[in-house]
$ cat protein.txt   # compact mmCIF, C-alpha atoms
# COMPACT_ATOMS: atom_id res chain seq x y z
CA MET A 1 -20.40 33.09 -116.17
CA ASN A 2 -18.42 36.13 -115.01
CA LYS A 3 -15.07 36.30 -113.26
CA THR A 4 -16.57 36.43 -109.74
CA ASP A 5 -18.57 33.26 -110.32
CA ASP A 6 -15.48 31.63 -111.80
CA ILE A 7 -13.41 32.42 -108.71
CA LEU A 8 -16.14 31.29 -106.31
CA GLU A 9 -16.72 28.08 -108.24
CA LYS A 10 -13.01 27.40 -108.30
CA LEU A 11 -12.79 27.97 -104.55
CA LYS A 12 -15.62 25.50 -103.99
CA ASN A 13 -13.73 22.82 -105.91
CA THR A 14 -10.38 23.54 -104.27
CA ASN A 15 -9.09 21.13 -101.67
CA GLN A 16 -9.94 21.69 -98.00
CA PRO A 17 -7.23 23.07 -95.73
CA GLU A 18 -4.91 20.46 -94.20
CA ILE A 19 -4.75 19.70 -90.49
CA ASP A 20 -3.89 16.92 -88.06
CA MET A 21 -4.68 17.78 -84.46
CA THR A 22 -5.81 14.34 -83.36
CA GLU A 23 -3.31 13.88 -80.52
CA GLU A 24 -3.68 17.46 -79.36
CA ILE A 25 -7.46 17.12 -79.20
CA MET A 26 -7.38 13.71 -77.51
CA ASN A 27 -4.96 14.99 -74.87
CA SER A 28 -7.13 18.01 -74.13
CA LEU A 29 -10.33 15.98 -73.59
CA PRO A 30 -11.67 16.08 -70.03
CA LEU A 31 -11.01 12.90 -68.04
CA THR A 32 -14.67 12.37 -67.24
CA SER A 33 -16.60 10.42 -69.84
CA PRO A 34 -19.79 11.92 -71.28
CA ARG A 35 -21.87 9.48 -69.22
CA GLY A 36 -19.80 10.29 -66.13
CA GLY A 37 -20.66 13.89 -66.71
CA ILE A 38 -24.34 13.09 -66.75
CA GLU A 39 -24.02 11.06 -63.55
CA ALA A 40 -22.14 13.94 -61.91
CA SER A 41 -24.85 16.36 -62.95
CA ARG A 42 -27.52 13.98 -61.59
CA THR A 43 -25.68 13.81 -58.26
CA LEU A 44 -25.43 17.59 -58.19
CA PHE A 45 -29.14 17.85 -58.96
CA PHE A 46 -29.95 15.42 -56.10
CA ILE A 47 -27.74 17.34 -53.65
CA ARG A 48 -29.31 20.60 -54.73
CA THR A 49 -32.80 19.21 -54.19
CA VAL A 50 -31.94 17.89 -50.71
CA LEU A 51 -30.30 21.19 -49.74
CA SER A 52 -33.28 23.18 -50.99
CA MET A 53 -35.67 21.02 -48.97
CA ALA A 54 -33.45 21.37 -45.88
CA ALA A 55 -33.38 25.14 -46.34
CA VAL A 56 -37.18 25.30 -46.60
CA TRP A 57 -37.52 23.08 -43.48
CA LEU A 58 -35.12 25.31 -41.53
CA VAL A 59 -37.00 28.44 -42.53
CA GLY A 60 -40.25 26.76 -41.43
CA LEU A 61 -38.67 25.75 -38.11
CA PHE A 62 -37.43 29.29 -37.58
CA ILE A 63 -40.89 30.71 -38.20
CA VAL A 64 -42.51 28.19 -35.80
CA LEU A 65 -39.97 28.97 -33.07
CA GLN A 66 -40.48 32.67 -33.59
CA THR A 67 -44.23 32.22 -33.19
CA GLU A 68 -43.79 30.17 -30.01
CA SER A 69 -41.41 32.67 -28.45
CA THR A 70 -43.89 35.46 -29.24
CA GLY A 71 -46.53 33.48 -27.26
CA GLN A 72 -44.22 33.24 -24.27
CA GLU A 73 -43.70 36.97 -24.37
CA GLU A 74 -47.44 37.36 -24.25
CA ILE A 75 -47.49 35.18 -21.10
CA TYR A 76 -44.87 37.42 -19.54
CA ASN A 77 -46.97 40.40 -20.49
CA VAL A 78 -49.95 38.80 -18.77
CA GLU A 79 -47.90 38.44 -15.66
CA ASN A 80 -46.87 42.05 -15.95
CA GLN A 81 -50.50 43.01 -16.11
CA TYR A 82 -50.88 41.74 -12.56
CA PRO A 83 -48.00 43.27 -10.64
CA LEU A 84 -47.20 42.45 -7.04
CA PRO A 85 -49.09 44.60 -4.55
CA GLN A 86 -47.24 47.75 -3.72
CA PRO A 87 -47.27 49.17 -0.14
CA GLU A 88 -49.82 51.84 0.37
CA TYR A 89 -48.47 54.79 2.32
CA CYS A 90 -50.47 56.89 4.71
CA THR A 91 -50.04 60.50 3.73
CA GLU A 92 -52.64 62.45 5.66
CA GLY A 93 -52.78 63.59 9.31
CA THR A 94 -50.10 64.37 11.87
CA SER A 95 -46.77 62.54 11.94
CA ARG A 96 -47.96 60.32 14.77
CA GLU A 97 -51.14 59.47 12.92
CA ILE A 98 -49.15 58.64 9.79
CA LEU A 99 -46.81 56.39 11.79
CA MET A 100 -49.67 54.60 13.53
CA CYS A 101 -51.46 54.13 10.22
CA TYR A 102 -48.33 52.64 8.63
CA LEU A 103 -47.69 50.22 11.52
CA GLU A 104 -51.29 49.11 11.50
CA ARG A 105 -51.27 48.36 7.75
CA LYS A 106 -47.96 46.61 8.03
CA ARG A 107 -49.33 44.35 10.73
CA GLU A 108 -52.35 43.54 8.57
CA ARG A 109 -50.31 42.67 5.47
CA GLN A 110 -48.03 39.65 5.43
CA SER A 111 -44.52 40.23 4.29
CA ILE A 112 -43.58 39.25 0.70
CA TYR A 113 -41.13 36.66 1.98
CA SER A 114 -43.72 34.85 4.05
CA LEU A 115 -46.17 35.09 1.11
CA ILE A 116 -43.67 33.36 -1.20
CA LYS A 117 -42.89 30.76 1.45
CA GLN A 118 -46.56 30.08 1.94
CA ASN A 119 -47.13 29.70 -1.83
CA PHE A 120 -44.11 27.42 -2.09
CA TYR A 121 -45.34 25.01 0.57
CA GLU A 122 -48.86 25.12 -0.80
CA ASN A 123 -47.60 24.04 -4.23
CA GLN A 124 -45.62 21.11 -2.86
CA MET B 1 -17.86 -3.31 -90.21
CA GLN B 2 -18.93 -0.54 -87.86
CA THR B 3 -21.09 2.33 -89.06
CA GLU B 4 -20.74 5.92 -87.88
CA SER B 5 -23.81 5.57 -85.68
CA ASP B 6 -22.24 2.53 -83.95
CA ILE B 7 -19.09 4.50 -83.28
CA ILE B 8 -21.03 7.46 -81.93
CA LYS B 9 -22.94 5.10 -79.66
CA GLN B 10 -19.60 3.89 -78.33
CA CYS B 11 -18.56 7.52 -77.78
CA LYS B 12 -21.72 8.02 -75.74
CA ASP B 13 -20.56 5.10 -73.56
CA GLY B 14 -17.27 6.94 -72.97
CA ASN B 15 -15.07 5.05 -75.46
CA ARG B 16 -12.16 7.39 -76.17
CA GLU B 17 -10.77 5.27 -79.01
CA ALA B 18 -14.09 5.55 -80.82
CA PHE B 19 -13.93 9.29 -80.33
CA ARG B 20 -10.43 9.34 -81.78
CA TRP B 21 -11.93 7.96 -85.00
CA VAL B 22 -14.54 10.76 -84.97
CA VAL B 23 -11.79 13.37 -84.55
CA GLN B 24 -9.68 11.89 -87.36
CA GLN B 25 -12.69 11.73 -89.63
CA HIS B 26 -14.11 15.21 -89.07
CA GLN B 27 -11.32 17.55 -87.92
CA ARG B 28 -10.60 18.70 -91.44
CA LEU B 29 -14.22 19.71 -91.96
CA VAL B 30 -14.26 21.80 -88.77
CA PHE B 31 -10.87 23.35 -89.51
CA SER B 32 -11.98 24.25 -93.04
CA LEU B 33 -15.02 26.11 -91.73
CA ALA B 34 -13.08 27.83 -88.96
CA LEU B 35 -10.20 28.90 -91.21
CA LYS B 36 -12.54 30.41 -93.80
CA MET B 37 -14.63 32.13 -91.14
CA LEU B 38 -11.82 33.53 -89.02
CA ALA B 39 -9.03 33.94 -91.60
CA ASP B 40 -6.53 33.07 -88.87
CA GLU B 41 -4.87 29.66 -88.62
CA GLU B 42 -4.21 29.73 -84.86
CA GLU B 43 -7.72 30.90 -84.03
CA ALA B 44 -9.09 28.20 -86.34
CA LYS B 45 -7.07 25.54 -84.51
CA ASP B 46 -8.46 26.79 -81.19
CA VAL B 47 -11.97 26.48 -82.58
CA VAL B 48 -11.26 22.91 -83.74
CA GLN B 49 -10.06 21.95 -80.27
CA GLU B 50 -12.96 23.65 -78.50
CA THR B 51 -15.44 22.08 -80.90
CA PHE B 52 -14.30 18.52 -80.24
CA ILE B 53 -14.13 19.07 -76.49
CA ARG B 54 -17.70 20.31 -76.61
CA VAL B 55 -18.74 17.39 -78.81
CA TRP B 56 -17.22 14.95 -76.29
CA GLN B 57 -18.95 16.65 -73.38
CA ARG B 58 -22.34 16.85 -75.06
CA ILE B 59 -22.41 13.78 -77.27
CA SER B 60 -25.27 12.38 -75.19
CA ASP B 61 -27.41 15.30 -76.50
CA TYR B 62 -26.79 14.29 -80.12
CA ASN B 63 -29.90 13.04 -81.89
CA PRO B 64 -28.92 10.10 -84.15
CA GLN B 65 -31.90 10.86 -86.41
CA LYS B 66 -29.99 13.86 -87.80
CA PRO B 67 -26.66 13.78 -89.66
CA PHE B 68 -23.68 13.97 -87.32
CA THR B 69 -21.90 16.50 -89.55
CA THR B 70 -24.85 18.92 -89.27
CA TRP B 71 -24.62 18.79 -85.48
CA LEU B 72 -20.84 19.21 -85.68
CA TYR B 73 -21.16 22.17 -88.05
CA THR B 74 -23.71 23.76 -85.69
CA ILE B 75 -21.32 23.63 -82.73
CA ALA B 76 -18.35 24.79 -84.81
CA SER B 77 -20.22 27.68 -86.41
CA ARG B 78 -21.42 28.96 -83.02
CA LEU B 79 -17.87 28.85 -81.69
CA CYS B 80 -16.65 30.67 -84.82
CA LEU B 81 -19.22 33.42 -84.26
CA ASP B 82 -18.12 33.70 -80.62
CA HIS B 83 -14.47 34.00 -81.69
CA LEU B 84 -15.35 36.58 -84.35
CA LYS B 85 -16.93 38.77 -81.67
CA GLN B 86 -13.71 38.71 -79.65
CA MET B 87 -11.37 39.20 -82.60
CA ARG B 88 -10.28 42.47 -84.08
CA ARG B 89 -11.59 43.42 -87.50
CA ILE B 90 -10.06 41.28 -90.22
CA LEU B 91 -8.28 43.49 -92.74
CA PRO B 92 -6.55 42.29 -95.94
CA LEU B 93 -2.78 42.59 -96.11
CA PRO B 94 -0.93 43.98 -99.17
CA GLU B 95 0.38 40.51 -100.15
CA ASP B 96 -3.14 39.00 -100.12
CA GLU B 97 -3.97 40.60 -103.47
CA SER B 98 -1.13 38.82 -105.25
CA VAL B 99 -2.29 35.46 -103.80
CA LEU B 100 -5.80 36.07 -105.11
CA GLN B 101 -4.46 37.17 -108.47
CA ARG B 102 -2.34 34.04 -108.77
CA PHE B 103 -5.25 31.82 -107.79
CA ALA B 104 -7.64 33.52 -110.22
CA ASN B 105 -5.30 33.32 -113.17
CA ASP B 106 -3.62 29.94 -112.67
CA GLU B 107 -5.17 26.53 -113.03
CA GLN B 108 -4.08 25.51 -109.55
CA GLN B 109 -6.57 23.38 -107.63
CA THR B 110 -4.76 23.24 -104.32
CA LEU B 111 -4.18 25.96 -101.77
CA GLU B 112 -1.92 26.15 -98.74
CA ASN B 113 -3.59 27.14 -95.46
CA SER B 114 -1.90 30.55 -95.60
CA GLU B 115 -3.21 31.06 -99.15
CA TRP B 116 -6.74 30.20 -98.00
CA VAL B 117 -6.34 32.83 -95.27
CA SER B 118 -5.20 35.46 -97.77
CA ILE B 119 -8.06 34.79 -100.19
CA VAL B 120 -10.69 34.79 -97.45
CA ARG B 121 -9.26 38.03 -96.05
CA MET B 122 -9.58 39.59 -99.49
CA LEU B 123 -13.10 38.34 -100.24
CA ALA B 124 -14.85 38.50 -96.91
CA GLU B 125 -13.89 42.01 -95.89
CA GLY B 126 -16.97 44.02 -95.01
CA LEU B 127 -19.26 41.04 -94.52
CA SER B 128 -21.22 40.70 -91.28
CA PRO B 129 -20.56 37.52 -89.24
CA LYS B 130 -23.91 36.08 -90.31
CA GLN B 131 -23.30 36.81 -93.99
CA LYS B 132 -19.83 35.34 -93.67
CA LEU B 133 -21.20 32.17 -92.09
CA VAL B 134 -23.91 31.67 -94.71
CA PHE B 135 -21.48 32.43 -97.54
CA THR B 136 -18.85 30.03 -96.17
CA LEU B 137 -21.31 27.18 -95.63
CA CYS B 138 -23.18 27.60 -98.94
CA GLN B 139 -20.48 28.79 -101.27
CA LEU B 140 -17.17 27.54 -99.94
CA GLU B 141 -18.23 24.33 -98.17
CA GLY B 142 -20.91 23.59 -100.76
CA LEU B 143 -23.67 22.62 -98.31
CA PRO B 144 -27.31 22.54 -99.45
CA SER B 145 -29.59 25.37 -98.25
CA ALA B 146 -31.69 23.04 -96.08
CA GLU B 147 -28.63 21.98 -94.10
CA VAL B 148 -27.43 25.58 -93.79
CA GLU B 149 -30.84 26.47 -92.35
CA GLN B 150 -30.49 23.74 -89.73
CA ILE B 151 -26.95 24.79 -88.84
CA THR B 152 -27.56 28.52 -88.61
CA GLY B 153 -31.13 28.45 -87.32
CA LEU B 154 -32.13 30.88 -90.07
CA ASP B 155 -35.12 30.31 -92.35
CA ALA B 156 -34.85 29.83 -96.12
CA LYS B 157 -35.57 33.49 -96.84
CA GLN B 158 -32.89 34.72 -94.44
CA VAL B 159 -30.31 32.29 -95.83
CA LYS B 160 -31.11 33.42 -99.37
CA SER B 161 -30.93 37.12 -98.54
CA ASN B 162 -27.70 36.78 -96.54
CA LEU B 163 -26.10 34.81 -99.37
CA TYR B 164 -27.28 37.33 -101.95
CA VAL B 165 -25.85 40.29 -100.00
CA ALA B 166 -22.57 38.43 -99.41
CA ARG B 167 -22.20 37.58 -103.10
CA GLN B 168 -23.02 41.15 -104.13
CA THR B 169 -20.44 42.54 -101.67
CA ILE B 170 -17.78 40.15 -102.95
CA ARG B 171 -18.70 40.93 -106.56
CA GLU B 172 -18.30 44.65 -105.86
CA ARG B 173 -14.98 44.01 -104.15
CA LEU B 174 -13.64 41.93 -107.05
CA LYS B 175 -14.90 44.53 -109.51
CA HIS B 176 -13.02 47.16 -107.55
CA LEU B 177 -9.87 44.99 -107.83
CA GLY B 178 -10.36 44.71 -111.59
CA TYR B 179 -11.70 41.18 -111.92
CA GLU B 180 -14.90 42.03 -113.85
$ encode --input "protein.txt" --output "structure tokens"
Amino acid sequence: MNKTDDILEKLKNTNQPEIDMTEEIMNSLPLTSPRGGIEASRTLFFIRTVLSMAAVWLVGLFIVLQTESTGQEEIYNVENQYPLPQPEYCTEGTSREILMCYLERKRERQSIYSLIKQNFYENQ
Amino acid sequence: MQTESDIIKQCKDGNREAFRWVVQQHQRLVFSLALKMLADEEEAKDVVQETFIRVWQRISDYNPQKPFTTWLYTIASRLCLDHLKQMRRILPLPEDESVLQRFANDEQQTLENSEWVSIVRMLAEGLSPKQKLVFTLCQLEGLPSAEVEQITGLDAKQVKSNLYVARQTIRERLKHLGYE
């Protein structure tokens, strides 16, 4: 056996270092017990699951509402496809002829107000 | 009379007095490993404290089929490796050589904590953290290879090679100091 082995063997058989940190360690322990920790983590897990489900539900709700509002826009577009009748102007002939033509067409067509009033009473 | 497994079961139920017994029983073992790994008494005390806090927090994960000391060593050695990463390089001081010389030549069988630090600083210089861990567990703590494998997560071949390199490095160092 050489000197290195002697020293290493001697170190192995030498006493372990001394220490007493019992009070220090006990005072630094967290107040929650190990089991309490597990219960806390279970509660956190439950809350996380519920929040995740709520988040997914909200996203779903948002998508559904978006889809519905898009449908309404389409309805408005349909309405826009059928605009209210615009007055047709007479553009040809002499000034008198144009005036007479305009008065004649005006007499033939009911006014918008009376049209709305008529529709209103019809729907009642 | 209560066995260690009974006491650990009580610790799992949150019994602090049972845990006090665990601390009293095993703190020296953890401090010994930490002091030899880190070669710094204050850092070693920090590791002891952190180890037992972690043991208290995770005692429900402990598998009673395995020895408690193996699990304790595993936690402590990981914390030592973490501390080694954060620490500056450990360099021997001029007075360390005289401590080693005195230890090598005398018949003394006891060492003060500061003397342990000096000797470890002298011997372990130039070892990688892994080599230092394997050397400390196998050579200084006297643990069997199978237990060292469980603690470090290394296989038998890796433990053997790390120990061989560590011993060779220390042999070279002692030779350089005139001990061969």
$ closest_residue --input "protein.txt" --among "B:Ile59, B:Leu79, B:Ala104, B:Ala156" --to "Leu133 of chain B" --atoms "all atoms listed in the file"
B:Leu79
$ interface_residues --input "protein.txt" --of "chain B" --to "chain A" --cutoff "7 Å" --atoms "only C-alpha atoms" --output "list in words"
Lys12, Asp13, Gly14, Arg20, Val23, Gln24, Arg28, Ser32, Gln49, Ile53, Trp56, Gln57, Arg58, Ile59, Ser60, Ala104, Gln109, Thr110, Leu111, Glu112, Asn113, Gln139, Leu140, Glu141, Gly142, Arg171, Leu174, Tyr179 and Glu180 of chain B
$ residues_around --input "protein.txt" --residues "Val22 of chain B" --least-positions-apart "5" --cutoff "9 Å" --atoms "only C-alpha atoms" --output "ChimeraX atom specification"
/B:4,7-8,11,17,27
$ residues_around --input "protein.txt" --residues "segment 116-121 of chain B" --least-positions-apart "2" --cutoff "9 Å" --atoms "only C-alpha atoms" --output "JSON, numbers by chain"
{"A": [17], "B": [35, 36, 37, 38, 39, 40, 41, 90, 91, 92, 93, 95, 96, 97, 99, 100, 103, 111, 112, 113, 114, 123, 124, 125]}
$ residues_around --input "protein.txt" --residues "Phe68 of chain B" --least-positions-apart "2" --cutoff "10 Å" --atoms "all atoms listed in the file" --output "NGL selection string"
:B and (4-5 or 8 or 22 or 26 or 62-66 or 70-74)
$ atom_distance --input "protein.txt" --atom1 "atom CA of Phe62 of chain A" --atom2 "atom CA of Leu44 of chain A"
26.6 Å
$ atom_distance --input "protein.txt" --atom1 "atom CA of Lys157 of chain B" --atom2 "atom CA of Ala34 of chain B"
24.5 Å
$ axis_aligned_box --input "protein.txt" --around "segment 56-64 of chain A" --padding-each-side "3 Å" --output "JSON"
{"center_x": -38.8, "center_y": 26.9, "center_z": -41.2, "size_x": 13.4, "size_y": 13.6, "size_z": 16.8}
$ atom_distance --input "protein.txt" --atom1 "atom CA of Glu172 of chain B" --atom2 "atom CA of Arg89 of chain B"
19.6 Å
